[in-house]
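Visitor: Contents of start.cif (mmCIF, C-alpha atoms) are given next:
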data_final
loop_
_atom_site.label_atom_id
_atom_site.label_comp_id
_atom_site.auth_asym_id
_atom_site.auth_seq_id
_atom_site.Cartn_x
_atom_site.Cartn_y
_atom_site.Cartn_z
CA MET A 14 0.00 0.00 0.00
CA LYS A 15 2.84 2.31 1.00
CA ILE A 16 4.54 1.64 -2.31
CA ILE A 17 1.35 2.38 -4.27
CA LYS A 18 0.89 5.63 -2.29
CA SER A 19 4.45 6.71 -3.00
CA MET A 20 4.08 5.83 -6.66
CA LEU A 21 0.98 8.00 -6.82
CA VAL A 22 2.84 10.84 -5.10
CA GLY A 23 5.69 10.45 -7.58
CA ALA A 24 3.37 10.42 -10.55
CA SER A 25 1.52 13.48 -9.19
CA LEU A 26 4.79 15.35 -8.73
CA ALA A 27 5.80 14.62 -12.30
CA LEU A 28 2.39 15.76 -13.52
CA VAL A 29 2.45 18.96 -11.45
CA ALA A 30 5.95 19.73 -12.72
CA SER A 31 4.87 19.43 -16.34
CA VAL A 32 1.69 21.45 -15.81
CA SER A 33 3.44 24.26 -13.94
CA HIS A 34 5.96 24.47 -16.79
CA ALA A 35 3.16 24.88 -19.29
CA ALA A 36 1.28 27.36 -17.13
CA SER A 37 4.22 29.69 -16.60
CA SER A 38 5.62 29.51 -20.10
CA GLY A 39 3.54 32.34 -21.58
CA ASN A 40 2.37 30.74 -24.79
CA THR A 41 -1.06 32.40 -24.84
CA LEU A 42 -2.20 35.99 -24.87
CA ALA A 43 -3.54 35.51 -21.35
CA THR A 44 -0.30 34.15 -19.90
CA VAL A 45 2.44 35.84 -21.93
CA ASP A 46 4.48 38.26 -19.84
CA PRO A 47 7.10 40.11 -21.92
CA GLU A 48 8.94 41.50 -18.92
CA ALA A 49 9.17 38.06 -17.30
CA ASP A 50 10.45 36.70 -20.62
CA ARG A 51 13.11 39.41 -20.81
CA LEU A 52 14.31 38.82 -17.27
CA ALA A 53 14.30 35.03 -17.73
CA LEU A 54 16.43 35.38 -20.87
CA GLN A 55 18.88 37.68 -19.10
CA SER A 56 19.05 35.28 -16.19
CA TYR A 57 19.66 32.36 -18.57
CA PHE A 58 22.69 34.08 -20.09
CA GLN A 59 23.95 35.32 -16.73
CA LYS A 60 23.92 31.74 -15.44
CA ARG A 61 25.73 30.44 -18.53
CA PHE A 62 28.26 33.25 -18.69
CA PRO A 63 28.51 34.62 -15.13
CA LYS A 64 31.59 36.74 -15.87
CA VAL A 65 29.92 38.70 -18.67
CA ALA A 66 28.12 41.91 -17.71
CA VAL A 67 24.62 42.24 -19.16
CA SER A 68 25.61 45.58 -20.68
CA ASP A 69 28.37 43.88 -22.70
CA TYR A 70 25.86 41.75 -24.65
CA VAL A 71 25.46 44.64 -27.09
CA ASN A 72 28.73 43.37 -28.53
CA GLY A 73 27.24 40.02 -29.46
CA ILE A 74 29.61 37.07 -29.67
CA TYR A 75 32.51 39.44 -28.89
CA ALA A 76 31.18 39.66 -25.35
CA LEU A 77 31.65 35.90 -24.96
CA ASP A 78 34.68 34.91 -27.01
CA ALA A 79 37.96 36.68 -26.25
CA PRO A 80 39.90 35.79 -29.46
CA SER A 81 36.98 36.93 -31.65
CA ARG A 82 36.78 40.12 -29.60
CA GLU A 83 40.42 40.89 -30.24
CA GLN A 84 39.97 40.57 -34.01
CA TRP A 85 36.79 42.63 -33.91
CA GLN A 86 38.45 45.41 -31.91
CA GLU A 87 41.11 45.65 -34.60
CA ILE A 88 38.41 45.91 -37.27
CA GLU A 89 36.69 48.63 -35.25
CA GLU A 90 39.88 50.73 -35.28
CA PHE A 91 38.97 51.59 -38.88
CA PRO A 92 35.23 50.82 -38.91
CA PRO A 93 34.14 49.45 -42.29
CA TYR A 94 30.75 51.18 -41.95
CA GLU A 95 32.21 54.67 -41.53
CA PHE A 96 31.58 55.76 -45.13
CA ASP A 97 28.11 54.23 -45.01
CA ILE A 98 27.19 56.47 -42.09
CA GLU A 99 28.40 59.49 -44.04
CA GLU A 100 26.42 58.46 -47.12
CA GLY A 101 23.43 57.72 -44.91
CA GLU A 102 23.62 61.22 -43.46
CA GLU A 103 23.72 62.72 -46.93
CA LEU A 104 20.74 60.64 -48.05
CA PHE A 105 18.86 61.50 -44.86
CA ASN A 106 19.38 65.22 -45.43
CA THR A 107 18.57 65.20 -49.14
CA ALA A 108 15.16 66.78 -49.67
CA PHE A 109 12.40 64.88 -51.50
CA ALA A 110 10.98 66.29 -54.74
CA ASN A 111 8.24 67.98 -52.71
CA GLY A 112 10.81 69.86 -50.61
CA LYS A 113 10.24 67.81 -47.45
CA SER A 114 12.73 65.37 -45.95
CA TYR A 115 13.02 62.37 -43.62
CA ALA A 116 13.36 64.75 -40.69
CA ASP A 117 9.74 65.81 -41.26
CA CYS A 118 8.48 62.25 -40.75
CA PHE A 119 10.12 61.42 -37.42
CA ALA A 120 10.04 62.71 -33.88
CA ASN A 121 13.03 64.91 -32.99
CA GLY A 122 13.81 65.31 -36.67
CA GLY A 123 14.83 61.63 -36.80
CA GLU A 124 17.84 62.14 -34.50
CA GLY A 125 18.39 59.84 -31.53
CA ILE A 126 15.25 57.77 -31.96
CA ARG A 127 16.53 54.31 -32.97
CA GLN A 128 15.87 52.94 -29.48
CA ASN A 129 12.11 53.36 -29.94
CA PHE A 130 11.94 51.02 -32.95
CA PRO A 131 10.28 48.77 -33.74
CA ARG A 132 7.15 50.26 -32.24
CA TRP A 133 3.50 49.31 -32.12
CA ASP A 134 1.53 51.71 -34.33
CA GLU A 135 -2.03 51.89 -33.09
CA ALA A 136 -3.39 53.62 -36.19
CA GLN A 137 -1.86 51.05 -38.54
CA GLY A 138 -2.54 48.16 -36.18
CA GLN A 139 0.90 46.70 -36.78
CA VAL A 140 4.53 46.74 -35.74
CA VAL A 141 6.53 49.42 -37.54
CA THR A 142 10.27 48.89 -37.86
CA LEU A 143 12.68 51.73 -38.54
CA GLU A 144 13.15 50.56 -42.14
CA LEU A 145 9.38 50.38 -42.66
CA ALA A 146 9.02 53.89 -41.24
CA ILE A 147 11.74 55.13 -43.63
CA ASN A 148 9.91 53.73 -46.64
CA GLN A 149 6.52 54.92 -45.38
CA CYS A 150 8.08 58.38 -45.10
CA ARG A 151 9.28 58.17 -48.69
CA GLU A 152 5.96 56.96 -50.06
CA SER A 153 3.93 59.55 -48.16
CA ASN A 154 6.13 62.17 -49.82
CA GLY A 155 5.66 60.78 -53.29
CA GLU A 156 8.98 58.90 -53.48
CA LYS A 157 9.51 55.28 -54.47
CA ALA A 158 10.16 52.81 -51.66
CA LEU A 159 13.74 51.57 -51.30
CA GLY A 160 14.77 47.89 -51.31
CA TRP A 161 14.60 46.45 -47.80
CA LYS A 162 17.83 44.59 -47.24
CA LYS A 163 20.84 46.70 -48.19
CA GLY A 164 22.01 49.80 -49.98
CA LYS A 165 20.37 53.14 -49.33
CA ILE A 166 17.89 51.97 -46.70
CA ALA A 167 20.65 50.31 -44.67
CA LYS A 168 22.77 53.45 -44.91
CA ILE A 169 19.96 55.75 -43.78
CA SER A 170 19.13 53.34 -40.96
CA ALA A 171 22.83 53.20 -40.02
CA TYR A 172 23.03 56.98 -39.86
CA MET A 173 19.90 57.14 -37.69
CA ALA A 174 21.34 54.45 -35.40
CA SER A 175 24.62 56.36 -35.14
CA THR A 176 22.75 59.42 -33.87
CA SER A 177 21.16 57.22 -31.22
CA ARG A 178 24.27 55.55 -29.83
CA ASP A 179 24.15 54.97 -26.08
CA ASN A 180 20.42 55.61 -25.96
CA VAL A 181 18.65 52.82 -24.09
CA PHE A 182 16.25 50.53 -25.97
CA ASP A 183 12.73 51.07 -24.73
CA VAL A 184 10.27 49.10 -26.84
CA GLN A 185 6.74 49.44 -25.48
CA ILE A 186 3.90 46.92 -25.59
CA PRO A 187 0.92 49.17 -24.92
CA ASN A 188 -2.06 46.88 -25.45
CA ASP A 189 -3.29 43.37 -26.23
CA ALA A 190 -2.90 43.80 -29.99
CA ALA A 191 0.76 44.69 -29.48
CA LYS A 192 1.09 41.80 -27.05
CA ALA A 193 -0.32 39.45 -29.69
CA ALA A 194 2.33 40.67 -32.14
CA TYR A 195 4.99 40.12 -29.47
CA LEU A 196 3.70 36.59 -28.82
CA ASP A 197 3.73 35.84 -32.54
CA GLY A 198 7.35 37.03 -32.71
CA LYS A 199 8.24 34.97 -29.66
CA GLN A 200 6.73 31.86 -31.25
CA SER A 201 8.62 32.51 -34.49
CA PHE A 202 11.85 32.82 -32.55
CA TYR A 203 11.46 29.49 -30.76
CA ALA A 204 9.70 27.45 -33.50
CA ARG A 205 11.90 25.06 -35.46
CA ARG A 206 11.72 25.28 -39.25
CA GLY A 207 13.58 24.25 -42.39
CA GLN A 208 15.03 20.90 -43.37
CA LEU A 209 17.63 21.18 -40.60
CA ASN A 210 14.81 21.57 -38.07
CA MET A 211 16.31 24.52 -36.24
CA SER A 212 14.89 27.65 -34.65
CA CYS A 213 16.50 31.04 -34.04
CA ALA A 214 16.87 29.88 -30.44
CA SER A 215 18.73 26.71 -31.46
CA CYS A 216 21.73 28.84 -32.41
CA HIS A 217 21.25 32.04 -30.44
CA VAL A 218 20.04 30.74 -27.06
CA ALA A 219 21.10 27.12 -26.48
CA GLY A 220 23.76 27.28 -29.21
CA ALA A 221 25.25 30.67 -28.35
CA ASN A 222 29.06 30.51 -28.24
CA ILE A 223 29.04 26.86 -29.41
CA LEU A 224 30.81 26.16 -32.69
CA ILE A 225 28.74 25.51 -35.81
CA ARG A 226 31.49 24.44 -38.19
CA ALA A 227 33.94 27.36 -37.78
CA ASP A 228 31.43 29.93 -36.51
CA LEU A 229 30.31 30.88 -33.04
CA PRO A 230 26.69 32.04 -32.97
CA GLY A 231 26.07 35.17 -30.91
CA PRO A 232 23.64 35.38 -28.02
CA THR A 233 20.19 36.75 -28.79
CA LEU A 234 20.46 39.12 -25.87
CA GLY A 235 21.80 42.32 -27.44
CA HIS A 236 21.40 40.90 -30.92
CA VAL A 237 19.51 43.81 -32.40
CA THR A 238 21.43 46.66 -30.79
CA HIS A 239 24.21 46.87 -33.37
CA PHE A 240 22.12 46.62 -36.56
CA PRO A 241 22.37 47.48 -39.35
CA VAL A 242 25.74 45.77 -39.58
CA PHE A 243 28.64 45.67 -41.98
CA ARG A 244 29.19 41.93 -42.34
CA SER A 245 32.55 40.81 -43.70
CA LYS A 246 30.73 37.95 -45.42
CA TRP A 247 28.49 40.41 -47.26
CA GLY A 248 31.26 42.94 -47.80
CA GLU A 249 28.66 45.63 -47.21
CA LEU A 250 26.02 46.93 -44.86
CA GLY A 251 22.76 45.01 -44.35
CA THR A 252 19.63 45.23 -42.26
CA LEU A 253 18.52 42.93 -39.47
CA GLN A 254 15.83 41.40 -41.67
CA ARG A 255 18.37 40.64 -44.37
CA ARG A 256 20.08 38.54 -41.70
CA TYR A 257 16.77 36.88 -40.73
CA GLY A 258 16.31 35.74 -44.32
CA GLY A 259 19.90 34.43 -44.41
CA CYS A 260 19.40 32.47 -41.20
CA GLN A 261 16.24 30.84 -42.52
CA LYS A 262 18.04 29.88 -45.73
CA ASN A 263 20.90 28.45 -43.66
CA VAL A 264 18.50 25.98 -42.04
CA ARG A 265 17.14 25.16 -45.52
CA GLY A 266 13.80 26.84 -45.02
CA THR A 267 12.27 29.20 -47.57
CA PRO A 268 12.79 32.68 -46.07
CA GLN A 269 9.72 34.57 -44.97
CA LYS A 270 8.93 37.94 -46.46
CA THR A 271 11.29 40.79 -45.60
CA GLN A 272 9.33 43.42 -43.64
CA GLY A 273 6.31 41.11 -43.76
CA GLU A 274 4.25 40.71 -40.60
CA LYS A 275 6.17 37.65 -39.37
CA PHE A 276 9.60 39.27 -39.56
CA ARG A 277 8.36 42.55 -38.08
CA ASN A 278 6.83 40.69 -35.15
CA LEU A 279 10.04 38.71 -34.73
CA GLU A 280 12.02 41.94 -34.62
CA PHE A 281 9.52 43.34 -32.11
CA PHE A 282 10.02 40.36 -29.79
CA GLN A 283 13.78 40.29 -30.22
CA THR A 284 14.17 44.01 -29.59
CA TYR A 285 11.99 43.85 -26.50
CA MET A 286 14.38 41.19 -25.18
CA SER A 287 17.15 43.80 -25.46
CA ASN A 288 15.24 46.55 -23.65
CA GLY A 289 17.57 48.23 -21.18
CA LEU A 290 20.62 47.78 -23.40
CA VAL A 291 22.05 50.64 -25.43
CA VAL A 292 22.03 51.29 -29.15
CA ASN A 293 25.51 50.70 -30.58
CA GLY A 294 24.73 50.37 -34.26
CA PRO A 295 25.89 50.27 -36.87
CA GLY A 296 28.33 47.50 -36.06
CA ALA A 297 30.87 45.26 -37.75
CA ARG A 298 30.44 41.50 -37.79
CA LYS A 299 32.13 38.55 -39.43
CA MET B 118 13.92 4.88 3.20
CA ASN B 119 11.30 2.62 1.56
CA LYS B 120 9.30 5.67 0.65
CA THR B 121 12.30 7.31 -0.99
CA ILE B 122 13.15 4.19 -2.99
CA SER B 123 9.60 3.70 -4.20
CA LEU B 124 9.29 7.42 -5.01
CA VAL B 125 12.40 7.20 -7.16
CA ALA B 126 11.06 4.01 -8.74
CA ALA B 127 7.78 5.74 -9.51
CA LEU B 128 9.54 8.70 -11.09
CA MET B 129 11.71 6.35 -13.14
CA MET B 130 8.61 4.51 -14.33
CA VAL B 131 7.02 7.79 -15.39
CA SER B 132 10.14 8.89 -17.25
CA SER B 133 10.73 5.47 -18.86
CA SER B 134 7.14 5.29 -20.08
CA VAL B 135 7.62 8.70 -21.67
CA ALA B 136 10.89 7.53 -23.24
CA ALA B 137 9.43 4.29 -24.70
CA GLN B 138 10.19 4.01 -28.41
CA SER B 139 7.33 5.05 -30.65
CA PHE B 140 6.69 3.59 -34.09
CA ASP B 141 8.04 6.77 -35.66
CA ASP B 142 11.28 6.48 -33.66
CA ALA B 143 11.66 2.82 -34.66
CA PHE B 144 10.88 3.59 -38.31
CA ASN B 145 13.33 6.50 -38.41
CA ALA B 146 16.10 4.47 -36.78
CA GLN B 147 15.63 1.59 -39.23
CA ARG B 148 15.42 3.94 -42.19
CA ALA B 149 18.59 5.74 -41.12
CA MET B 150 20.45 2.44 -40.73
CA TYR B 151 19.20 0.53 -43.76
CA GLY B 152 17.63 3.00 -46.20
CA LYS B 153 14.47 2.17 -48.15
CA GLY B 154 13.23 -1.34 -48.94
CA HIS B 155 14.23 -2.88 -45.62
CA SER B 156 11.87 -4.93 -43.42
CA PHE B 157 11.74 -4.61 -39.65
CA THR B 158 9.54 -5.77 -36.78
CA PHE B 159 7.81 -3.46 -34.33
CA GLU B 160 5.60 -4.82 -31.55
CA GLY B 161 5.19 -8.13 -33.37
CA GLN B 162 4.26 -6.64 -36.74
CA THR B 163 6.47 -6.47 -39.82
CA TYR B 164 6.90 -3.17 -41.62
CA THR B 165 9.14 -1.81 -44.39
CA THR B 166 11.26 1.31 -44.26
CA ASP B 167 9.59 2.83 -47.32
CA HIS B 168 7.93 6.22 -47.06
CA PRO B 169 4.30 6.33 -48.27
CA GLU B 170 5.45 8.51 -51.19
CA GLU B 171 7.94 5.84 -52.24
CA VAL B 172 5.25 3.18 -52.05
CA ALA B 173 3.03 5.35 -54.26
CA ALA B 174 5.89 5.78 -56.74
CA ALA B 175 6.56 2.02 -56.93
CA VAL B 176 4.17 1.56 -59.84
CA GLU B 177 4.70 1.27 -63.57
CA ALA B 178 6.76 4.19 -64.86
CA ASN B 179 4.67 5.84 -67.54
CA ALA B 180 3.56 9.34 -68.47
CA GLU B 181 0.20 9.10 -66.74
CA ASN B 182 1.60 7.86 -63.42
CA ALA B 183 4.47 10.35 -63.51
CA ALA B 184 2.08 13.26 -64.16
CA LYS B 185 -0.21 12.08 -61.37
CA LEU B 186 2.65 11.87 -58.85
CA LEU B 187 4.00 15.29 -59.85
CA ALA B 188 0.54 16.80 -59.41
CA ALA B 189 0.23 15.20 -55.96
CA ALA B 190 3.67 16.54 -54.97
CA LYS B 191 2.77 20.03 -56.21
CA ASP B 192 -0.48 19.91 -54.26
CA GLN B 193 1.28 18.92 -51.04
CA HIS B 194 3.90 21.61 -51.63
CA ALA B 195 1.18 24.24 -52.06
CA GLN B 196 -0.22 23.21 -48.69
CA VAL B 197 3.09 23.67 -46.88
CA VAL B 198 3.72 26.98 -48.67
CA ALA B 199 0.35 28.15 -47.35
CA LEU B 200 1.62 27.38 -43.85
CA ASP B 201 4.81 29.38 -44.60
CA PHE B 202 6.93 26.36 -43.65
CA ASP B 203 8.29 25.08 -46.95
CA TRP B 204 11.85 23.89 -47.37
CA THR B 205 14.24 25.34 -49.93
CA LEU B 206 14.99 22.13 -51.81
CA THR B 207 11.38 21.20 -52.63
CA LYS B 208 10.88 23.75 -55.42
CA LYS B 209 14.05 22.55 -57.12
CA LEU B 210 12.87 18.95 -56.87
CA LEU B 211 9.51 19.81 -58.43
CA LYS B 212 11.31 21.58 -61.25
CA ALA B 213 13.63 18.61 -61.79
CA SER B 214 10.70 16.21 -61.78
CA ALA B 215 8.83 18.29 -64.37
CA LYS B 216 11.97 18.40 -66.55
CA ALA B 217 12.40 14.62 -66.34
CA LEU B 218 8.72 14.11 -67.18
CA ALA B 219 9.00 16.43 -70.18
CA GLY B 220 12.10 14.53 -71.29
CA GLY B 221 10.31 11.19 -71.08
CA ASP B 222 12.33 9.88 -68.12
CA PHE B 223 9.25 8.79 -66.18
CA ARG B 224 11.05 6.70 -63.53
CA LYS B 225 13.32 9.60 -62.64
CA SER B 226 10.40 12.00 -62.53
CA MET B 227 8.39 9.68 -60.26
CA ASP B 228 11.28 9.17 -57.86
CA ILE B 229 11.94 12.89 -57.60
CA SER B 230 8.22 13.64 -57.14
CA ALA B 231 8.15 11.14 -54.27
CA GLN B 232 11.06 12.97 -52.66
CA ALA B 233 9.43 16.37 -53.14
CA GLN B 234 6.15 15.17 -51.69
CA TYR B 235 7.96 13.70 -48.72
CA HIS B 236 9.69 17.04 -48.10
CA ALA B 237 6.38 18.86 -48.23
CA ARG B 238 4.74 16.36 -45.89
CA MET B 239 7.62 16.66 -43.44
CA GLY B 240 7.40 20.46 -43.59
CA MET B 241 3.73 20.25 -42.65
CA ALA B 242 4.46 17.82 -39.83
CA GLN B 243 7.20 20.16 -38.63
CA TYR B 244 4.76 23.07 -38.64
CA HIS B 245 2.24 21.23 -36.49
CA GLN B 246 4.91 19.90 -34.14
CA SER B 247 6.55 23.29 -33.70
CA GLN B 248 3.18 24.90 -32.92
CA LYS B 249 2.93 22.56 -29.94
CA GLU B 250 6.53 22.36 -28.85
CA TRP B 251 8.12 25.79 -29.38
CA VAL B 252 7.32 26.81 -25.85
CA MET B 253 9.54 24.07 -24.45
CA ALA B 254 12.60 25.98 -25.68
CA VAL B 255 11.76 29.20 -23.83
CA PRO B 256 14.06 29.86 -20.85
CA GLU B 257 12.03 29.89 -17.63
#
Please rewrite the model in this file as C-alpha cells.

Guide:
Amino acid sequence: MKIIKSMLVGASLALVASVSHAASSGNTLATVDPEADRLALQSYFQKRFPKVAVSDYVNGIYALDAPSREQWQEIEEFPPYEFDIEEGEELFNTAFANGKSYADCFANGGEGIRQNFPRWDEAQGQVVTLELAINQCRESNGEKALGWKKGKIAKISAYMASTSRDNVFDVQIPNDAAKAAYLDGKQSFYARRGQLNMSCASCHVAGANILIRADLPGPTLGHVTHFPVFRSKWGELGTLQRRYGGCQKNVRGTPQKTQGEKFRNLEFFQTYMSNGLVVNGPGARK
Amino acid sequence: MNKTISLVAALMMVSSSVAAQSFDDAFNAQRAMYGKGHSFTFEGQTYTTDHPEEVAAAVEANAENAAKLLAAAKDQHAQVVALDFDWTLTKKLLKASAKALAGGDFRKSMDISAQAQYHARMGMAQYHQSQKEWVMAVPE
C-alpha cells in the first residue's frame, strides 16, 4: 500500500511539474508576460556566462569569445561602416521632390530615436520597424520605396542608429494587440523550421558561443542593438531582416517575407528582449 | 527509506514510459540504418522502411503515373507553402521532376516527385509539431 501511495505521489509530482511548466511559459495571450520573458532570458545568459556583464551583450559574440573580440576590436579601429554612415547622413538630409525630408516624418527630426523602434503603431494596427518607417516616409512624400535589405535603406538606418548611440532601448507593448504581435514574434523565434529543423533559439540561445562548423553564434540578448551591420561575409552593410532571411536559408527553409508581418513581429520580440541595453549600431560583424 | 526508494522508482517509471520508443522512432532508426526497402519488426508486426510517397511511386513508370505523382507533390507543396513552412529544396525537386517528365524519363520524374512530396509532408508535420513544442525551448 505504501509503495502504491508513493508511486501515486511520484506520478503526481511529475504531472504537477509538467503542468506548472506549461502554465508559466507564456504561450497564450492571457499568460504571456514580456517583462518576465526578458528577465528570464537575461538570467539564462547570466547563469551560462557569469563573468559577462549584461551591458556587454550589445557586442554580441565578442562579449563571450575573447579571441573573436580581439579581431573585432582591430576591425573597429577603422570601422568598415564609416563611409556608409556618411552616405546615410547625406541621403537623410537630401530633400524629396516635394521639398520635405526624412526629418519631417520622425520625432526629434529623426535624430536619436533608434531605441524606440520597432514600435507598435495603433493607427496602422501593426509593428513598424525603422526601415518600414523610412519607406513609409518616402511613399507619403511621393517617393519610391527603397529595397529592404541593403544599400540606401541600410545606410539611412545606419546613420539614424549612429545618432542614437548609447540611448537605451525602450520598446513598449501598450495593449493586447501589441502583445499578440509580441507573442507571434516569440513563437517565431522558438519554433523550429527548415530541413535542418532549427529555430533562431537553437543557435542564439542554447547554441550561443558553441561552434557551428567554424562559426560561433552570438547570443540573442543584445542581438539587435548593433544593426544594421557591416558583415565581412556580405562585404557591405545590411539590415537585421536581411540577416533573418539568411538564417532561414541556412536551415534550408524558404525565407519569410522581408518586412512582412512575421519578420516585423520577430524583430519586435527580439528588440523587447534587449530593452535596457544601449544602441551601438551600426556595427561590424564577421 | 522505503518511501524514498519507491518514489524514485515511480519517477523512473514515469520517465521510462515517456521515453518508450514510438513507431516513428523505430521507423526513423531503421530507415537511417538501412535505407528504403528494408523490413523490420515493431511490436510483433512487420513493416518496411519505405515512405508512403515511395510506395506510391513504386508503380509502372509511364507518363500518366508520372504526371499524377507530380501533381500530388505540387499539391502537397502548395499546402506547406500556405503554412509558410516550406523547405528550400522542394521547389528545385519539383522543377527537376517536371523536366524529367517532359524529357520522357518517367522513372526519374516519379522518384523525384516522391522525394518532393515527402519534403512537403515533413514540412507540414514540422509546422504542427513546432506549434505545440516551441514553448519548451523558452528559458524559464

Visitor: Tell me which residues the PyMOL selection byres ((chain A and resi 261) around 12) grabs here, as a PDB file with C-alpha atoms, in the frame of the given file.

Guide:
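Saved file expr.pdb follows:
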ATOM      1  CA  SER A 201       8.620  32.510 -34.490  1.00  0.00           C
ATOM      2  CA  PHE A 202      11.850  32.820 -32.550  1.00  0.00           C
ATOM      3  CA  ALA A 204       9.700  27.450 -33.500  1.00  0.00           C
ATOM      4  CA  ARG A 205      11.900  25.060 -35.460  1.00  0.00           C
ATOM      5  CA  ARG A 206      11.720  25.280 -39.250  1.00  0.00           C
ATOM      6  CA  GLY A 207      13.580  24.250 -42.390  1.00  0.00           C
ATOM      7  CA  GLN A 208      15.030  20.900 -43.370  1.00  0.00           C
ATOM      8  CA  LEU A 209      17.630  21.180 -40.600  1.00  0.00           C
ATOM      9  CA  ASN A 210      14.810  21.570 -38.070  1.00  0.00           C
ATOM     10  CA  MET A 211      16.310  24.520 -36.240  1.00  0.00           C
ATOM     11  CA  SER A 212      14.890  27.650 -34.650  1.00  0.00           C
ATOM     12  CA  CYS A 213      16.500  31.040 -34.040  1.00  0.00           C
ATOM     13  CA  CYS A 216      21.730  28.840 -32.410  1.00  0.00           C
ATOM     14  CA  GLN A 254      15.830  41.400 -41.670  1.00  0.00           C
ATOM     15  CA  ARG A 255      18.370  40.640 -44.370  1.00  0.00           C
ATOM     16  CA  ARG A 256      20.080  38.540 -41.700  1.00  0.00           C
ATOM     17  CA  TYR A 257      16.770  36.880 -40.730  1.00  0.00           C
ATOM     18  CA  GLY A 258      16.310  35.740 -44.320  1.00  0.00           C
ATOM     19  CA  GLY A 259      19.900  34.430 -44.410  1.00  0.00           C
ATOM     20  CA  CYS A 260      19.400  32.470 -41.200  1.00  0.00           C
ATOM     21  CA  LYS A 262      18.040  29.880 -45.730  1.00  0.00           C
ATOM     22  CA  ASN A 263      20.900  28.450 -43.660  1.00  0.00           C
ATOM     23  CA  VAL A 264      18.500  25.980 -42.040  1.00  0.00           C
ATOM     24  CA  ARG A 265      17.140  25.160 -45.520  1.00  0.00           C
ATOM     25  CA  GLY A 266      13.800  26.840 -45.020  1.00  0.00           C
ATOM     26  CA  THR A 267      12.270  29.200 -47.570  1.00  0.00           C
ATOM     27  CA  PRO A 268      12.790  32.680 -46.070  1.00  0.00           C
ATOM     28  CA  GLN A 269       9.720  34.570 -44.970  1.00  0.00           C
ATOM     29  CA  LYS A 270       8.930  37.940 -46.460  1.00  0.00           C
ATOM     30  CA  THR A 271      11.290  40.790 -45.600  1.00  0.00           C
ATOM     31  CA  PHE A 276       9.600  39.270 -39.560  1.00  0.00           C
TER      32      PHE A 276
ATOM     33  CA  ASP B 201       4.810  29.380 -44.600  1.00  0.00           C
ATOM     34  CA  PHE B 202       6.930  26.360 -43.650  1.00  0.00           C
ATOM     35  CA  ASP B 203       8.290  25.080 -46.950  1.00  0.00           C
ATOM     36  CA  TRP B 204      11.850  23.890 -47.370  1.00  0.00           C
ATOM     37  CA  THR B 205      14.240  25.340 -49.930  1.00  0.00           C
TER      38      THR B 205
END

Visitor: Measuring between all atoms listed in the file, which one of A:Lys157, A:Lys168, A:Arg51, A:Arg151 shows the shortest distance to Gln283 in chain A?

Guide: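 For Gln283 in chain A, the nearest of the given residues is A:Arg51.
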
Visitor: Which residues, written as an mmCIF file with C-alpha atoms, keeping the file's coordinate frame, have at least one atom at most 6 Å from range 226-230 of chain B, with only C-alpha atoms counted and residues fewer than 4 positions away on the same chain left out?

Guide:
data_model
loop_
_atom_site.group_PDB
_atom_site.id
_atom_site.type_symbol
_atom_site.label_atom_id
_atom_site.label_comp_id
_atom_site.auth_asym_id
_atom_site.auth_seq_id
_atom_site.Cartn_x
_atom_site.Cartn_y
_atom_site.Cartn_z
ATOM 1 C CA ALA B 174 5.890 5.780 -56.740
ATOM 2 C CA ALA B 183 4.470 10.350 -63.510
ATOM 3 C CA LEU B 187 4.000 15.290 -59.850
ATOM 4 C CA ALA B 190 3.670 16.540 -54.970
ATOM 5 C CA SER B 214 10.700 16.210 -61.780
ATOM 6 C CA ALA B 217 12.400 14.620 -66.340
ATOM 7 C CA LEU B 218 8.720 14.110 -67.180
#

Visitor: Could you check the closest approach to chain B for each of A:Ser114, A:Thr238, A:Ser215, A:Asn180 and tell me which residue wins, using all atoms listed in the file?

Guide: A:Ser215

Visitor: Just give me the gap between CA of Ala297 in chain A and CA of Glu144 in chain A in Å, one decimal is fine.

Guide: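 Between CA of Ala297 in chain A and CA of Glu144 in chain A the gap works out to 19.0 Å.
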
Visitor: Between CA of Lys216 in chain B and CA of Ala173 in chain B, what is the distance in Å, rounded to a tenth?

Guide: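 Result for CA of Lys216 in chain B versus CA of Ala173 in chain B: 20.0 Å, one decimal.
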
Visitor: Starting from the PyMOL selection byres ((chain A and resi 74-88) around 12), expand the selection into actual residues of this file and give them as a PyMOL selection string.

Guide: chain A and resi 58-59+61-73+89-95+216-218+220-224+227-236+239+243-245+296-299

Visitor: Kindly resolve the PyMOL selection byres ((chain B and resi 249) around 12) on the present coordinates and return the residues as a PyMOL selection string.

Guide: (chain A and resi 35+40-41+200+203-205) or (chain B and resi 242-248+250-254)

Visitor: Grab the residues selected above and save them as an mmCIF file, in the frame of the given file with C-alpha atoms.

Guide:
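Wrote it out as result39.cif, contents follow:
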data_model
loop_
_atom_site.group_PDB
_atom_site.id
_atom_site.type_symbol
_atom_site.label_atom_id
_atom_site.label_comp_id
_atom_site.auth_asym_id
_atom_site.auth_seq_id
_atom_site.Cartn_x
_atom_site.Cartn_y
_atom_site.Cartn_z
ATOM 1 C CA ALA A 35 3.160 24.880 -19.290
ATOM 2 C CA ASN A 40 2.370 30.740 -24.790
ATOM 3 C CA THR A 41 -1.060 32.400 -24.840
ATOM 4 C CA GLN A 200 6.730 31.860 -31.250
ATOM 5 C CA TYR A 203 11.460 29.490 -30.760
ATOM 6 C CA ALA A 204 9.700 27.450 -33.500
ATOM 7 C CA ARG A 205 11.900 25.060 -35.460
ATOM 8 C CA ALA B 242 4.460 17.820 -39.830
ATOM 9 C CA GLN B 243 7.200 20.160 -38.630
ATOM 10 C CA TYR B 244 4.760 23.070 -38.640
ATOM 11 C CA HIS B 245 2.240 21.230 -36.490
ATOM 12 C CA GLN B 246 4.910 19.900 -34.140
ATOM 13 C CA SER B 247 6.550 23.290 -33.700
ATOM 14 C CA GLN B 248 3.180 24.900 -32.920
ATOM 15 C CA GLU B 250 6.530 22.360 -28.850
ATOM 16 C CA TRP B 251 8.120 25.790 -29.380
ATOM 17 C CA VAL B 252 7.320 26.810 -25.850
ATOM 18 C CA MET B 253 9.540 24.070 -24.450
ATOM 19 C CA ALA B 254 12.600 25.980 -25.680
#

Visitor: So which residues touch Phe281 in chain A within 12 Å, counting all atoms listed in the file, skipping near sequence neighbours fewer than 2 positions away, as a PyMOL selection string?

Guide: chain A and resi 47+128-134+139-143+182-186+191-202+237+253-254+272+274-279+283-288
